[in-house]
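Novice: My questions all concern the structure below.
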Amino acid sequence: MVCYRSRMAHSLARAIFHIVFSTKNRERLLGDSIREKLFAYIAVVGRDMKCEVYRVGGMPDHVHVAIDLGRNISLAEFTKKIKQSSSLWLKQQSPEFRAFSWQEGYGAFSVSQTHLPKLITYIQTQEEHHKTTSFQDEFRKLLEKNGVVVEENHIWG
């Protein structure tokens, strides 16, 4: 006979994601002077939502975030909050960002624990990577690698 009297005291989860989103129309608005501050801000916002933020990085037209999603927030909620709060923060930094906004959509891909170090390195080396690869080509490769099939006009519209 099996006894089910003891209960798990805590809810446990491990959900590592690679999230990618771009500036509206992929405009190259995030210069060197603001990018590192923006990445640090995004990390703080993510941690305030009880998520482990492993790395934030990117280029003038897009951002990559490696996270372990907290157990009390959905991926959509996390991404919406990150994008909303960072957009507002950017607008407060300088008049040049007054009209700033992120592209409406995003890409999010699950990552195994064993691939996390490789993802962190990938995000850290974005500048080197983008010497030979455009954001659009990079995103296409991420979609392909993760088995996501979409029509091009739904991605860049």
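Labels used: A, B, ... for chains in the order of the structure tokens, numbers from 1 for residues in each chain, and numbers from 1 for ligands as shown.
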Could I get the residues of range 46-146 of chain A with an atom no further than 9 Å from an atom of range 14-24 of chain A, each paired with its nearest atom pair and that distance in Å to one decimal, using only C-alpha atoms, sorted by chain and residue number, as CSV?

Specialist:
residue,atom,partner,partner_atom,distance
A:Glu52,CA,A:Ile16,CA,9.0
A:Gly58,CA,A:Val20,CA,8.9
A:Pro60,CA,A:Thr23,CA,8.3
A:Asp61,CA,A:Thr23,CA,5.3
A:His62,CA,A:Ser22,CA,3.9
A:Val63,CA,A:Phe21,CA,5.6
A:His64,CA,A:Val20,CA,4.6
A:Val65,CA,A:Ile19,CA,5.1
A:Ala66,CA,A:His18,CA,4.8
A:Ile67,CA,A:Phe17,CA,5.4
A:Asp68,CA,A:Ile16,CA,4.2
A:Leu69,CA,A:Ala15,CA,5.4
A:Gly70,CA,A:Ala15,CA,7.8
A:Arg71,CA,A:Arg14,CA,7.9
A:Leu75,CA,A:Phe17,CA,8.7
A:Thr79,CA,A:Ile19,CA,8.0
A:Lys83,CA,A:Phe21,CA,8.7
A:Phe100,CA,A:Lys24,CA,7.8
A:Ser101,CA,A:Lys24,CA,5.7
A:Trp102,CA,A:Thr23,CA,4.3
A:Gln103,CA,A:Lys24,CA,4.0
A:Glu104,CA,A:Lys24,CA,7.5
A:Gly105,CA,A:Phe21,CA,6.9
A:Tyr106,CA,A:Phe21,CA,4.6
A:Gly107,CA,A:Val20,CA,5.1
A:Ala108,CA,A:Ile19,CA,4.3
A:Phe109,CA,A:His18,CA,5.1
A:Ser110,CA,A:Phe17,CA,4.6
A:Val111,CA,A:Ile16,CA,5.4
A:Ser112,CA,A:Ile16,CA,6.7
A:Gln113,CA,A:Ile16,CA,7.3
A:Leu116,CA,A:Ile16,CA,8.0
A:Leu119,CA,A:His18,CA,7.7
A:Phe135,CA,A:Ser22,CA,8.8
A:Phe139,CA,A:Val20,CA,8.3

Novice: Let's have the selection written as a compact mmCIF listing (two decimals), in the first residue's frame, with N, CA, C and O atoms.

Specialist:
# COMPACT_ATOMS: atom_id res chain seq x y z
N GLU A 52 16.17 34.28 -12.44
CA GLU A 52 17.63 34.31 -12.52
C GLU A 52 17.99 34.81 -13.91
O GLU A 52 17.65 34.18 -14.91
N GLY A 58 23.57 42.15 -26.61
CA GLY A 58 22.96 42.41 -27.91
C GLY A 58 23.73 43.44 -28.71
O GLY A 58 24.90 43.70 -28.47
N PRO A 60 23.04 47.18 -31.48
CA PRO A 60 22.23 48.41 -31.55
C PRO A 60 20.77 48.19 -31.95
O PRO A 60 19.94 49.06 -31.71
N ASP A 61 20.45 47.04 -32.53
CA ASP A 61 19.08 46.81 -33.00
C ASP A 61 18.37 45.64 -32.33
O ASP A 61 17.22 45.35 -32.66
N HIS A 62 19.00 44.97 -31.38
CA HIS A 62 18.30 43.86 -30.72
C HIS A 62 18.98 43.46 -29.42
O HIS A 62 20.11 43.83 -29.16
N VAL A 63 18.22 42.67 -28.62
CA VAL A 63 18.67 42.24 -27.30
C VAL A 63 18.46 40.73 -27.15
O VAL A 63 17.47 40.18 -27.65
N HIS A 64 19.39 40.09 -26.47
CA HIS A 64 19.29 38.68 -26.09
C HIS A 64 19.28 38.62 -24.56
O HIS A 64 20.05 39.32 -23.90
N VAL A 65 18.42 37.77 -24.01
CA VAL A 65 18.36 37.58 -22.55
C VAL A 65 18.36 36.08 -22.27
O VAL A 65 17.56 35.34 -22.84
N ALA A 66 19.25 35.65 -21.39
CA ALA A 66 19.28 34.26 -20.93
C ALA A 66 18.77 34.26 -19.49
O ALA A 66 19.36 34.90 -18.62
N ILE A 67 17.65 33.55 -19.27
CA ILE A 67 17.02 33.56 -17.94
C ILE A 67 16.61 32.16 -17.51
O ILE A 67 16.41 31.28 -18.32
N ASP A 68 16.49 32.03 -16.20
CA ASP A 68 15.78 30.91 -15.60
C ASP A 68 14.49 31.54 -15.08
O ASP A 68 14.49 32.33 -14.14
N LEU A 69 13.40 31.24 -15.76
CA LEU A 69 12.12 31.87 -15.47
C LEU A 69 11.64 31.47 -14.07
O LEU A 69 11.65 30.30 -13.72
N GLY A 70 11.23 32.44 -13.30
CA GLY A 70 10.68 32.16 -11.97
C GLY A 70 9.43 31.32 -12.07
O GLY A 70 8.75 31.30 -13.10
N ARG A 71 9.08 30.66 -11.01
CA ARG A 71 7.94 29.72 -11.05
C ARG A 71 6.60 30.42 -10.94
O ARG A 71 5.56 29.78 -11.10
N LEU A 75 6.22 33.25 -19.31
CA LEU A 75 7.19 33.79 -20.26
C LEU A 75 6.65 35.07 -20.91
O LEU A 75 7.37 36.06 -21.04
N THR A 79 8.42 38.79 -20.52
CA THR A 79 8.90 39.53 -21.69
C THR A 79 8.17 40.86 -21.82
O THR A 79 8.80 41.89 -22.12
N LYS A 83 10.17 44.46 -21.67
CA LYS A 83 10.10 45.40 -22.79
C LYS A 83 9.44 46.72 -22.38
O LYS A 83 9.93 47.79 -22.74
N PHE A 100 11.22 56.02 -28.64
CA PHE A 100 11.72 54.65 -28.69
C PHE A 100 10.62 53.63 -28.42
O PHE A 100 9.74 53.83 -27.58
N SER A 101 10.69 52.50 -29.12
CA SER A 101 9.85 51.35 -28.80
C SER A 101 10.50 50.08 -29.34
O SER A 101 11.34 50.13 -30.24
N TRP A 102 10.11 48.97 -28.75
CA TRP A 102 10.56 47.66 -29.19
C TRP A 102 9.60 47.15 -30.26
O TRP A 102 8.42 47.53 -30.28
N GLN A 103 10.09 46.25 -31.10
CA GLN A 103 9.23 45.55 -32.04
C GLN A 103 8.18 44.79 -31.23
O GLN A 103 8.45 44.35 -30.11
N GLU A 104 7.00 44.60 -31.78
CA GLU A 104 5.92 44.00 -31.02
C GLU A 104 6.23 42.57 -30.55
O GLU A 104 5.99 42.22 -29.41
N GLY A 105 6.76 41.73 -31.41
CA GLY A 105 6.97 40.33 -31.05
C GLY A 105 8.32 40.06 -30.41
O GLY A 105 9.10 40.96 -30.11
N TYR A 106 8.57 38.78 -30.22
CA TYR A 106 9.85 38.31 -29.67
C TYR A 106 10.00 36.84 -30.00
O TYR A 106 9.04 36.18 -30.39
N GLY A 107 11.20 36.34 -29.84
CA GLY A 107 11.45 34.92 -29.95
C GLY A 107 11.89 34.41 -28.60
O GLY A 107 12.64 35.09 -27.90
N ALA A 108 11.43 33.24 -28.21
CA ALA A 108 11.84 32.63 -26.95
C ALA A 108 12.05 31.15 -27.19
O ALA A 108 11.18 30.48 -27.75
N PHE A 109 13.20 30.66 -26.75
CA PHE A 109 13.59 29.29 -27.04
C PHE A 109 14.05 28.63 -25.75
O PHE A 109 14.84 29.20 -25.00
N SER A 110 13.57 27.42 -25.50
CA SER A 110 13.99 26.70 -24.29
C SER A 110 15.43 26.23 -24.46
O SER A 110 15.88 25.93 -25.56
N VAL A 111 16.13 26.19 -23.34
CA VAL A 111 17.55 25.82 -23.33
C VAL A 111 17.78 24.83 -22.21
O VAL A 111 17.29 25.02 -21.09
N SER A 112 18.50 23.77 -22.47
CA SER A 112 18.82 22.81 -21.41
C SER A 112 19.95 23.36 -20.54
O SER A 112 20.75 24.19 -20.98
N GLN A 113 20.01 22.87 -19.33
CA GLN A 113 21.06 23.27 -18.39
C GLN A 113 22.45 23.04 -19.00
O GLN A 113 23.35 23.85 -18.83
N LEU A 116 23.47 25.92 -21.32
CA LEU A 116 23.49 27.28 -20.77
C LEU A 116 24.85 27.97 -20.91
O LEU A 116 24.91 29.12 -21.34
N LEU A 119 25.18 29.25 -24.39
CA LEU A 119 24.30 30.40 -24.63
C LEU A 119 24.89 31.68 -24.04
O LEU A 119 24.89 32.72 -24.69
N PHE A 135 21.15 40.57 -38.07
CA PHE A 135 20.16 40.15 -37.09
C PHE A 135 19.12 39.22 -37.73
O PHE A 135 18.76 38.19 -37.16
N PHE A 139 18.36 35.47 -36.52
CA PHE A 139 17.04 35.06 -36.03
C PHE A 139 16.51 33.88 -36.84
O PHE A 139 15.94 32.94 -36.28

Novice: Using only C-alpha atoms for the distances, tell me which of A:Lys145, A:Arg55, A:Arg35, A:Arg47 is nearest to Lys81 in chain A.

Specialist: A:Arg47

Novice: Using only C-alpha atoms, find the one residue out of A:Gln92, A:Ser134, A:Asn146, A:Thr121 that sits nearest to Met59 in chain A.

Specialist: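 Checking each candidate against Met59 in chain A, we get A:Ser134 as the closest.
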
Novice: Using only C-alpha atoms, find the one residue out of A:Thr132, A:Gln84, A:Gln126, A:Ser11 that sits nearest to Ile42 in chain A.

Specialist: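 Checking each candidate against Ile42 in chain A, we get A:Gln84 as the closest.
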